[in-house]
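Below is target-v5.pdb, holding PDB, C-alpha atoms, pLDDT in the B column.
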ATOM      1  CA  MET Z   1      25.404  33.552   6.225  1.00 73.00           C
ATOM      2  CA  LEU Z   2      24.117  36.994   5.197  1.00 72.00           C
ATOM      3  CA  TYR Z   3      26.497  38.499   7.740  1.00 72.00           C
ATOM      4  CA  LEU Z   4      29.442  36.623   6.172  1.00 78.00           C
ATOM      5  CA  LEU Z   5      28.354  37.739   2.691  1.00 77.00           C
ATOM      6  CA  GLU Z   6      28.095  41.365   3.800  1.00 74.00           C
ATOM      7  CA  LEU Z   7      31.461  41.237   5.551  1.00 75.00           C
ATOM      8  CA  SER Z   8      33.169  39.607   2.564  1.00 76.00           C
ATOM      9  CA  LEU Z   9      31.842  42.212   0.125  1.00 74.00           C
ATOM     10  CA  GLN Z  10      32.468  45.236   2.336  1.00 74.00           C
ATOM     11  CA  SER Z  11      36.216  45.539   1.969  1.00 76.00           C
ATOM     12  CA  GLU Z  12      39.512  43.744   1.533  1.00 76.00           C
ATOM     13  CA  SER Z  13      39.923  43.447   5.305  1.00 79.00           C
ATOM     14  CA  GLY Z  14      36.328  42.200   5.631  1.00 83.00           C
ATOM     15  CA  PHE Z  15      37.095  39.460   3.097  1.00 85.00           C
ATOM     16  CA  ALA Z  16      40.209  38.545   5.078  1.00 84.00           C
ATOM     17  CA  SER Z  17      38.260  38.327   8.338  1.00 84.00           C
ATOM     18  CA  VAL Z  18      35.728  36.005   6.680  1.00 86.00           C
ATOM     19  CA  GLN Z  19      38.643  33.801   5.568  1.00 85.00           C
ATOM     20  CA  GLU Z  20      39.944  33.869   9.130  1.00 84.00           C
ATOM     21  CA  LEU Z  21      36.495  32.995  10.547  1.00 85.00           C
ATOM     22  CA  LEU Z  22      36.171  30.104   8.103  1.00 86.00           C
ATOM     23  CA  SER Z  23      39.509  28.673   9.222  1.00 86.00           C
ATOM     24  CA  ASN Z  24      38.003  28.065  12.678  1.00 87.00           C
ATOM     25  CA  VAL Z  25      37.079  24.384  13.159  1.00 90.00           C
ATOM     26  CA  PHE Z  26      33.654  25.090  14.676  1.00 91.00           C
ATOM     27  CA  ILE Z  27      32.726  27.566  11.959  1.00 89.00           C
ATOM     28  CA  LYS Z  28      33.882  24.973   9.408  1.00 92.00           C
ATOM     29  CA  LEU Z  29      31.617  22.353  10.996  1.00 92.00           C
ATOM     30  CA  LEU Z  30      28.745  24.844  11.034  1.00 90.00           C
ATOM     31  CA  ALA Z  31      29.335  25.714   7.356  1.00 90.00           C
ATOM     32  CA  TRP Z  32      29.448  21.998   6.503  1.00 93.00           C
ATOM     33  CA  ALA Z  33      26.170  21.391   8.359  1.00 92.00           C
ATOM     34  CA  VAL Z  34      24.436  24.268   6.553  1.00 91.00           C
ATOM     35  CA  LEU Z  35      25.878  23.164   3.195  1.00 91.00           C
ATOM     36  CA  SER Z  36      24.824  19.543   3.822  1.00 93.00           C
ATOM     37  CA  GLY Z  37      21.238  20.581   4.528  1.00 92.00           C
ATOM     38  CA  LEU Z  38      21.209  22.756   1.428  1.00 92.00           C
ATOM     39  CA  LEU Z  39      22.635  20.014  -0.826  1.00 93.00           C
ATOM     40  CA  TYR Z  40      20.148  17.420   0.410  1.00 94.00           C
ATOM     41  CA  HIS Z  41      17.280  19.901  -0.005  1.00 94.00           C
ATOM     42  CA  LEU Z  42      18.483  20.747  -3.531  1.00 94.00           C
ATOM     43  CA  ILE Z  43      18.779  17.118  -4.674  1.00 94.00           C
ATOM     44  CA  ALA Z  44      15.534  16.003  -3.016  1.00 94.00           C
ATOM     45  CA  GLY Z  45      13.851  19.062  -4.545  1.00 93.00           C
ATOM     46  CA  ILE Z  46      15.060  18.158  -8.042  1.00 94.00           C
ATOM     47  CA  LYS Z  47      13.717  14.628  -7.487  1.00 93.00           C
ATOM     48  CA  HIS Z  48      10.414  16.133  -6.340  1.00 93.00           C
ATOM     49  CA  LEU Z  49      10.195  18.256  -9.514  1.00 93.00           C
ATOM     50  CA  LEU Z  50      10.999  15.218 -11.689  1.00 93.00           C
ATOM     51  CA  MET Z  51       8.214  13.287  -9.980  1.00 92.00           C
ATOM     52  CA  ASP Z  52       5.874  16.258 -10.568  1.00 90.00           C
ATOM     53  CA  LEU Z  53       6.689  15.799 -14.254  1.00 91.00           C
ATOM     54  CA  GLY Z  54       5.615  12.171 -13.960  1.00 86.00           C
ATOM     55  CA  TYR Z  55       8.969  10.358 -13.795  1.00 86.00           C
ATOM     56  CA  GLY Z  56       9.310   7.469 -11.381  1.00 82.00           C
ATOM     57  CA  GLU Z  57       5.789   7.645 -10.045  1.00 84.00           C
ATOM     58  CA  THR Z  58       5.553   3.912  -9.439  1.00 87.00           C
ATOM     59  CA  LEU Z  59       6.345   2.090  -6.200  1.00 88.00           C
ATOM     60  CA  LYS Z  60       9.566   0.766  -7.718  1.00 88.00           C
ATOM     61  CA  GLY Z  61      10.438   4.117  -9.289  1.00 88.00           C
ATOM     62  CA  GLY Z  62       9.789   5.963  -6.047  1.00 89.00           C
ATOM     63  CA  PHE Z  63      12.073   3.622  -4.130  1.00 91.00           C
ATOM     64  CA  LEU Z  64      14.812   3.927  -6.754  1.00 91.00           C
ATOM     65  CA  GLY Z  65      14.443   7.728  -6.774  1.00 91.00           C
ATOM     66  CA  ALA Z  66      14.744   7.852  -2.989  1.00 92.00           C
ATOM     67  CA  CYS Z  67      17.878   5.650  -3.115  1.00 92.00           C
ATOM     68  CA  ILE Z  68      19.461   7.838  -5.808  1.00 93.00           C
ATOM     69  CA  THR Z  69      18.612  10.968  -3.788  1.00 93.00           C
ATOM     70  CA  ILE Z  70      20.259   9.598  -0.630  1.00 94.00           C
ATOM     71  CA  ALA Z  71      23.305   8.312  -2.534  1.00 94.00           C
ATOM     72  CA  LEU Z  72      23.843  11.546  -4.516  1.00 94.00           C
ATOM     73  CA  SER Z  73      23.382  13.602  -1.344  1.00 95.00           C
ATOM     74  CA  ALA Z  74      25.934  11.501   0.542  1.00 94.00           C
ATOM     75  CA  VAL Z  75      28.468  11.894  -2.274  1.00 95.00           C
ATOM     76  CA  THR Z  76      27.980  15.679  -2.610  1.00 94.00           C
ATOM     77  CA  ILE Z  77      28.083  16.146   1.175  1.00 95.00           C
ATOM     78  CA  ILE Z  78      31.406  14.275   1.328  1.00 94.00           C
ATOM     79  CA  VAL Z  79      32.745  16.369  -1.579  1.00 93.00           C
ATOM     80  CA  ALA Z  80      31.580  19.522   0.234  1.00 92.00           C
ATOM     81  CA  GLY Z  81      33.393  18.367   3.374  1.00 92.00           C
ATOM     82  CA  ALA Z  82      36.581  17.726   1.377  1.00 91.00           C
ATOM     83  CA  TRP Z  83      36.238  21.198  -0.170  1.00 89.00           C
ATOM     84  CA  ILE Z  84      35.849  22.899   3.225  1.00 87.00           C
ATOM     85  CA  TRP Z  85      38.908  21.121   4.677  1.00 86.00           C
TER
ATOM     86  CA  MET X   1     -15.527  26.393   4.328  1.00 42.00           C
ATOM     87  CA  VAL X   2     -11.994  26.988   5.503  1.00 52.00           C
ATOM     88  CA  THR X   3     -10.623  30.280   4.238  1.00 58.00           C
ATOM     89  CA  ASN X   4      -6.907  30.632   3.751  1.00 70.00           C
ATOM     90  CA  VAL X   5      -5.896  33.965   5.165  1.00 75.00           C
ATOM     91  CA  THR X   6      -2.253  33.268   5.980  1.00 81.00           C
ATOM     92  CA  ASN X   7      -0.818  31.450   2.961  1.00 83.00           C
ATOM     93  CA  LEU X   8       1.048  33.442   0.312  1.00 85.00           C
ATOM     94  CA  GLY X   9      -1.133  32.896  -2.750  1.00 79.00           C
ATOM     95  CA  ARG X  10      -4.448  32.468  -0.905  1.00 79.00           C
ATOM     96  CA  SER X  11      -4.868  29.258  -2.906  1.00 82.00           C
ATOM     97  CA  GLY X  12      -3.093  25.932  -2.755  1.00 84.00           C
ATOM     98  CA  LEU X  13      -2.613  25.745  -6.507  1.00 88.00           C
ATOM     99  CA  TYR X  14      -1.088  29.224  -6.687  1.00 89.00           C
ATOM    100  CA  ASP X  15       1.262  28.355  -3.782  1.00 91.00           C
ATOM    101  CA  TRP X  16       2.199  25.124  -5.556  1.00 92.00           C
ATOM    102  CA  VAL X  17       3.215  26.980  -8.712  1.00 93.00           C
ATOM    103  CA  ILE X  18       5.154  29.683  -6.824  1.00 93.00           C
ATOM    104  CA  GLN X  19       6.980  27.014  -4.827  1.00 94.00           C
ATOM    105  CA  ARG X  20       8.157  25.235  -7.983  1.00 94.00           C
ATOM    106  CA  PHE X  21       9.154  28.318  -9.985  1.00 95.00           C
ATOM    107  CA  SER X  22      11.045  29.766  -7.026  1.00 96.00           C
ATOM    108  CA  ALA X  23      12.742  26.369  -6.578  1.00 95.00           C
ATOM    109  CA  ILE X  24      14.060  26.468 -10.138  1.00 95.00           C
ATOM    110  CA  ILE X  25      15.380  30.025  -9.661  1.00 96.00           C
ATOM    111  CA  LEU X  26      17.072  29.038  -6.384  1.00 95.00           C
ATOM    112  CA  ALA X  27      18.656  25.953  -7.970  1.00 95.00           C
ATOM    113  CA  ALA X  28      19.944  28.010 -10.918  1.00 96.00           C
ATOM    114  CA  TYR X  29      21.474  30.624  -8.601  1.00 95.00           C
ATOM    115  CA  THR X  30      23.057  27.948  -6.396  1.00 93.00           C
ATOM    116  CA  LEU X  31      24.675  26.291  -9.430  1.00 93.00           C
ATOM    117  CA  CYS X  32      25.816  29.721 -10.663  1.00 94.00           C
ATOM    118  CA  ILE X  33      27.568  30.515  -7.365  1.00 92.00           C
ATOM    119  CA  LEU X  34      29.047  26.986  -7.249  1.00 90.00           C
ATOM    120  CA  ALA X  35      30.381  27.429 -10.791  1.00 92.00           C
ATOM    121  CA  SER X  36      32.011  30.736  -9.838  1.00 91.00           C
ATOM    122  CA  PHE X  37      33.850  28.925  -7.029  1.00 89.00           C
ATOM    123  CA  VAL X  38      34.950  26.106  -9.318  1.00 88.00           C
ATOM    124  CA  MET X  39      36.175  28.552 -11.981  1.00 90.00           C
ATOM    125  CA  ASN X  40      38.051  30.672  -9.408  1.00 88.00           C
ATOM    126  CA  PRO X  41      39.988  28.275  -7.185  1.00 85.00           C
ATOM    127  CA  ASP X  42      42.162  31.172  -5.981  1.00 85.00           C
ATOM    128  CA  MET X  43      39.266  33.426  -5.018  1.00 86.00           C
ATOM    129  CA  ASP X  44      40.259  36.827  -3.661  1.00 86.00           C
ATOM    130  CA  PHE X  45      38.390  39.990  -2.735  1.00 88.00           C
ATOM    131  CA  GLN X  46      38.752  41.591  -6.196  1.00 87.00           C
ATOM    132  CA  LYS X  47      37.229  38.619  -8.023  1.00 88.00           C
ATOM    133  CA  TRP X  48      34.588  38.019  -5.368  1.00 88.00           C
ATOM    134  CA  SER X  49      33.328  41.605  -5.308  1.00 87.00           C
ATOM    135  CA  SER X  50      33.475  41.968  -9.113  1.00 89.00           C
ATOM    136  CA  ILE X  51      31.129  38.969  -9.446  1.00 89.00           C
ATOM    137  CA  PHE X  52      28.470  40.671  -7.329  1.00 90.00           C
ATOM    138  CA  GLU X  53      29.076  44.177  -8.727  1.00 89.00           C
ATOM    139  CA  SER X  54      27.886  43.491 -12.272  1.00 91.00           C
ATOM    140  CA  ASN X  55      24.365  44.656 -12.981  1.00 92.00           C
ATOM    141  CA  SER X  56      23.182  41.293 -14.324  1.00 94.00           C
ATOM    142  CA  MET X  57      24.367  39.571 -11.146  1.00 93.00           C
ATOM    143  CA  ARG X  58      22.674  42.241  -9.005  1.00 94.00           C
ATOM    144  CA  ILE X  59      19.379  41.640 -10.768  1.00 95.00           C
ATOM    145  CA  PHE X  60      19.819  37.834 -10.572  1.00 96.00           C
ATOM    146  CA  SER X  61      20.643  38.128  -6.866  1.00 94.00           C
ATOM    147  CA  LEU X  62      17.569  40.247  -6.143  1.00 95.00           C
ATOM    148  CA  ILE X  63      15.257  37.932  -8.102  1.00 96.00           C
ATOM    149  CA  THR X  64      16.738  34.987  -6.183  1.00 96.00           C
ATOM    150  CA  LEU X  65      16.303  36.794  -2.873  1.00 95.00           C
ATOM    151  CA  VAL X  66      12.608  37.413  -3.591  1.00 96.00           C
ATOM    152  CA  ALA X  67      12.237  33.776  -4.702  1.00 96.00           C
ATOM    153  CA  LEU X  68      13.972  32.629  -1.501  1.00 94.00           C
ATOM    154  CA  CYS X  69      11.572  34.651   0.652  1.00 95.00           C
ATOM    155  CA  ALA X  70       8.498  33.283  -1.134  1.00 95.00           C
ATOM    156  CA  HIS X  71       9.903  29.725  -1.060  1.00 94.00           C
ATOM    157  CA  ALA X  72      10.739  29.945   2.645  1.00 93.00           C
ATOM    158  CA  TRP X  73       7.379  31.417   3.592  1.00 94.00           C
ATOM    159  CA  ILE X  74       5.366  28.818   1.657  1.00 93.00           C
ATOM    160  CA  GLY X  75       7.499  26.040   3.153  1.00 93.00           C
ATOM    161  CA  MET X  76       7.151  27.341   6.709  1.00 92.00           C
ATOM    162  CA  TRP X  77       3.419  27.926   6.242  1.00 92.00           C
ATOM    163  CA  THR X  78       3.008  24.341   5.004  1.00 92.00           C
ATOM    164  CA  ILE X  79       4.954  22.928   7.953  1.00 92.00           C
ATOM    165  CA  SER X  80       3.131  25.040  10.530  1.00 92.00           C
ATOM    166  CA  THR X  81      -0.338  24.236   9.190  1.00 89.00           C
ATOM    167  CA  ASP X  82       0.556  20.525   8.975  1.00 90.00           C
ATOM    168  CA  TYR X  83       2.246  20.076  12.338  1.00 91.00           C
ATOM    169  CA  MET X  84       1.009  22.914  14.564  1.00 89.00           C
ATOM    170  CA  THR X  85      -2.658  21.981  14.741  1.00 87.00           C
ATOM    171  CA  PRO X  86      -4.989  21.212  17.682  1.00 89.00           C
ATOM    172  CA  LEU X  87      -4.025  17.561  17.128  1.00 88.00           C
ATOM    173  CA  GLN X  88      -0.472  18.207  18.314  1.00 88.00           C
ATOM    174  CA  LEU X  89      -0.788  21.372  20.378  1.00 88.00           C
ATOM    175  CA  GLY X  90      -4.314  21.219  21.789  1.00 87.00           C
ATOM    176  CA  LYS X  91      -6.693  24.130  22.292  1.00 88.00           C
ATOM    177  CA  ARG X  92      -4.164  26.929  21.919  1.00 89.00           C
ATOM    178  CA  ALA X  93      -2.746  25.631  18.642  1.00 89.00           C
ATOM    179  CA  THR X  94      -3.977  28.593  16.588  1.00 89.00           C
ATOM    180  CA  PHE X  95      -2.266  31.030  18.940  1.00 91.00           C
ATOM    181  CA  PHE X  96       1.067  29.196  18.812  1.00 92.00           C
ATOM    182  CA  ARG X  97       0.847  28.684  15.061  1.00 91.00           C
ATOM    183  CA  LEU X  98       0.192  32.365  14.430  1.00 92.00           C
ATOM    184  CA  LEU X  99       3.040  33.272  16.786  1.00 94.00           C
ATOM    185  CA  PHE X 100       5.371  30.943  14.873  1.00 93.00           C
ATOM    186  CA  GLN X 101       4.178  32.292  11.535  1.00 93.00           C
ATOM    187  CA  ALA X 102       4.651  35.874  12.704  1.00 94.00           C
ATOM    188  CA  GLY X 103       8.231  34.996  13.655  1.00 94.00           C
ATOM    189  CA  CYS X 104       8.807  33.516  10.198  1.00 93.00           C
ATOM    190  CA  VAL X 105       7.391  36.602   8.472  1.00 94.00           C
ATOM    191  CA  LEU X 106       9.638  38.843  10.544  1.00 95.00           C
ATOM    192  CA  LEU X 107      12.698  36.731   9.694  1.00 91.00           C
ATOM    193  CA  VAL X 108      11.831  36.678   5.988  1.00 93.00           C
ATOM    194  CA  ALA X 109      11.322  40.458   5.982  1.00 94.00           C
ATOM    195  CA  VAL X 110      14.685  41.027   7.685  1.00 92.00           C
ATOM    196  CA  TYR X 111      16.386  38.719   5.163  1.00 90.00           C
ATOM    197  CA  LEU X 112      14.791  40.542   2.245  1.00 93.00           C
ATOM    198  CA  LEU X 113      15.653  44.054   3.418  1.00 93.00           C
ATOM    199  CA  TRP X 114      19.143  43.146   4.640  1.00 90.00           C
ATOM    200  CA  GLY X 115      19.828  41.263   1.407  1.00 91.00           C
ATOM    201  CA  ILE X 116      18.756  44.244  -0.710  1.00 92.00           C
ATOM    202  CA  GLN X 117      21.107  46.392   1.340  1.00 90.00           C
ATOM    203  CA  ILE X 118      24.018  44.007   0.704  1.00 88.00           C
ATOM    204  CA  PHE X 119      23.453  43.472  -3.017  1.00 89.00           C
ATOM    205  CA  TRP X 120      22.344  46.996  -3.962  1.00 89.00           C
ATOM    206  CA  GLY X 121      23.746  49.112  -1.133  1.00 83.00           C
ATOM    207  CA  ASN X 122      27.146  50.092  -2.462  1.00 64.00           C
TER
END
structure tokens encoding of this file:
Amino acid sequence: MLYLLELSLQSESGFASVQELLSNVFIKLLAWAVLSGLLYHLIAGIKHLLMDLGYGETLKGGFLGACITIALSAVTIIVAGAWIW
Amino acid sequence: MVTNVTNLGRSGLYDWVIQRFSAIILAAYTLCILASFVMNPDMDFQKWSSIFESNSMRIFSLITLVALCAHAWIGMWTISTDYMTPLQLGKRATFFRLLFQAGCVLLVAVYLLWGIQIFWGN
């Protein structure tokens, strides 16, 4: 990812080659996988911070929080997939 | 008494605080980059490079990079001390754990230095 960032910021042609790389199906899948992991980590992390603050610290609340985390992650991962393709 | 010589803050509480503050910085930066994509649907090189050229973005990027390195190291340290113990790996667990941790430190250092080069190099 750092390599792609460096390439895209180096020059106009570097930016174009990143665009070309990202049009490859396997690179797209790889980008989606990385993005999916990041999105799930982000949402689960926000839930973790909320629980640190004392929200949803009951058995019921914990279960609900976990369900919301999975559901939100699924939605954002699908949106990310739609954005990549 | 067990002495912590490999974790970042040398104390669990200090690590806990660093992990949460760095998480907030990372989340803010992620949302910032996401917003820049949403606001520029027709992203080209000019727009893309101008975003990262501004001084405020350079500073934000560097702060985020440092936060990422701390966050990653604390996370990897936690995982390795939880799951790479004599319970799972037997007698040579300490050796393998330190090897793994050394690899993580090397990777984090490369990320930090390479990232500084990218954001502040030109």
List, as a short mmCIF file (atom, residue, chain, number, x, y, z; two decimals) with C-alpha atoms, in the coordinates of the input, every residue that the ChimeraX specification (/Z :<10) & /X selects in the file provided.
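Saved to expr28.cif:
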data_model
loop_
_atom_site.label_atom_id
_atom_site.label_comp_id
_atom_site.auth_asym_id
_atom_site.auth_seq_id
_atom_site.Cartn_x
_atom_site.Cartn_y
_atom_site.Cartn_z
CA ARG X 20 8.16 25.24 -7.98
CA ALA X 23 12.74 26.37 -6.58
CA ILE X 24 14.06 26.47 -10.14
CA LEU X 26 17.07 29.04 -6.38
CA ALA X 27 18.66 25.95 -7.97
CA THR X 30 23.06 27.95 -6.40
CA ASP X 44 40.26 36.83 -3.66
CA PHE X 45 38.39 39.99 -2.74
CA GLN X 46 38.75 41.59 -6.20
CA TRP X 48 34.59 38.02 -5.37
CA SER X 49 33.33 41.60 -5.31
CA SER X 50 33.48 41.97 -9.11
CA PHE X 52 28.47 40.67 -7.33
CA GLU X 53 29.08 44.18 -8.73
CA TYR X 111 16.39 38.72 5.16
CA TRP X 114 19.14 43.15 4.64
CA GLY X 115 19.83 41.26 1.41
CA GLN X 117 21.11 46.39 1.34
CA ILE X 118 24.02 44.01 0.70
CA PHE X 119 23.45 43.47 -3.02
CA ASN X 122 27.15 50.09 -2.46
#
Carefully work through the PyMOL selection byres ((chain Z and resi 72) around 12) for this structure and note down the residues it includes, as a short mmCIF file (atom, residue, chain, number, x, y, z; two decimals) with C-alpha atoms, in the frame of the given file.
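Final output, saved to result_0.cif:
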data_model
loop_
_atom_site.label_atom_id
_atom_site.label_comp_id
_atom_site.auth_asym_id
_atom_site.auth_seq_id
_atom_site.Cartn_x
_atom_site.Cartn_y
_atom_site.Cartn_z
CA SER Z 36 24.82 19.54 3.82
CA LEU Z 39 22.64 20.01 -0.83
CA TYR Z 40 20.15 17.42 0.41
CA HIS Z 41 17.28 19.90 0.00
CA LEU Z 42 18.48 20.75 -3.53
CA ILE Z 43 18.78 17.12 -4.67
CA ALA Z 44 15.53 16.00 -3.02
CA ILE Z 46 15.06 18.16 -8.04
CA LYS Z 47 13.72 14.63 -7.49
CA GLY Z 65 14.44 7.73 -6.77
CA ALA Z 66 14.74 7.85 -2.99
CA CYS Z 67 17.88 5.65 -3.12
CA ILE Z 68 19.46 7.84 -5.81
CA THR Z 69 18.61 10.97 -3.79
CA ILE Z 70 20.26 9.60 -0.63
CA ALA Z 71 23.30 8.31 -2.53
CA SER Z 73 23.38 13.60 -1.34
CA ALA Z 74 25.93 11.50 0.54
CA VAL Z 75 28.47 11.89 -2.27
CA THR Z 76 27.98 15.68 -2.61
CA ILE Z 77 28.08 16.15 1.18
CA ILE Z 78 31.41 14.28 1.33
CA VAL Z 79 32.74 16.37 -1.58
#
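CA of Ile18 (chain X) lies 27.7 Å from CA of Ile51 (chain X).
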I would like the residues chosen by the PyMOL selection byres ((chain X and resi 101) around 12) on the shown file; could you give them as a ChimeraX atom specification? /X:6-8,72-81,84,93-100,102-108
Counting all atoms listed in the file, which residue out of X:Leu34, X:Leu89, X:Ala70, X:Ala109 sits closest to Ala80 (chain Z)?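 Among the listed residues, the smallest separation from Ala80 (chain Z) belongs to X:Leu34.
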Take CA of Asp82 (chain X) and CA of Gly9 (chain X) and report the distance between them in Å, one decimal.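 These two atoms are separated by 17.1 Å.
The interatomic distance for the pair CA of Leu62 (chain X) and CA of Leu31 (chain X) works out to 16.0 Å.
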Once 5 Å is added on each side, what centre and edge lengths in Å to one decimal does the axis-aligned box around all listed atoms of region 31-47 of chain X have, as AutoDock Vina command-line options?
--center_x 33.4 --center_y 33.8 --center_z -7.4 --size_x 27.5 --size_y 25.5 --size_z 19.2
Distance cut-off 12 Å, centre (14.9, 38.2, -10.1) in file coordinates, counting only C-alpha atoms: which residues qualify? Return them as a ChimeraX atom specification. /X:21-22,24-26,28-29,55-69,116
Using the atoms already present, construct N, CA and C atoms for region 20-36 of chain Z and hand them back as a tab-separated table (two decimals), keeping the file's coordinate frame.
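Resulting contents of out.tsv:
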chain	number	residue	atom	x	y	z
Z	20	GLU	N	39.44	34.25	7.81
Z	20	GLU	CA	39.94	33.87	9.13
Z	20	GLU	C	38.86	33.11	9.91
Z	21	LEU	N	37.62	33.65	9.86
Z	21	LEU	CA	36.49	32.99	10.55
Z	21	LEU	C	36.32	31.57	10.05
Z	22	LEU	N	36.41	31.42	8.71
Z	22	LEU	CA	36.17	30.10	8.10
Z	22	LEU	C	37.32	29.13	8.33
Z	23	SER	N	38.41	29.60	8.91
Z	23	SER	CA	39.51	28.67	9.22
Z	23	SER	C	39.30	28.06	10.61
Z	24	ASN	N	38.36	28.61	11.37
Z	24	ASN	CA	38.00	28.06	12.68
Z	24	ASN	C	37.26	26.74	12.51
Z	25	VAL	N	37.65	25.73	13.32
Z	25	VAL	CA	37.08	24.38	13.16
Z	25	VAL	C	35.56	24.38	13.36
Z	26	PHE	N	35.09	25.11	14.38
Z	26	PHE	CA	33.65	25.09	14.68
Z	26	PHE	C	32.86	25.78	13.58
Z	27	ILE	N	33.40	26.87	13.06
Z	27	ILE	CA	32.73	27.57	11.96
Z	27	ILE	C	32.71	26.66	10.73
Z	28	LYS	N	33.82	25.91	10.53
Z	28	LYS	CA	33.88	24.97	9.41
Z	28	LYS	C	32.80	23.91	9.53
Z	29	LEU	N	32.66	23.36	10.75
Z	29	LEU	CA	31.62	22.35	11.00
Z	29	LEU	C	30.23	22.93	10.74
Z	30	LEU	N	30.03	24.17	11.21
Z	30	LEU	CA	28.74	24.84	11.03
Z	30	LEU	C	28.46	25.03	9.54
Z	31	ALA	N	29.48	25.49	8.80
Z	31	ALA	CA	29.34	25.71	7.36
Z	31	ALA	C	29.02	24.40	6.65
Z	32	TRP	N	29.68	23.32	7.10
Z	32	TRP	CA	29.45	22.00	6.50
Z	32	TRP	C	28.02	21.54	6.76
Z	33	ALA	N	27.54	21.78	8.00
Z	33	ALA	CA	26.17	21.39	8.36
Z	33	ALA	C	25.15	22.14	7.49
Z	34	VAL	N	25.36	23.45	7.36
Z	34	VAL	CA	24.44	24.27	6.55
Z	34	VAL	C	24.47	23.81	5.10
Z	35	LEU	N	25.71	23.59	4.59
Z	35	LEU	CA	25.88	23.16	3.20
Z	35	LEU	C	25.26	21.79	2.95
Z	36	SER	N	25.39	20.89	3.95
Z	36	SER	CA	24.82	19.54	3.82
Z	36	SER	C	23.31	19.61	3.70
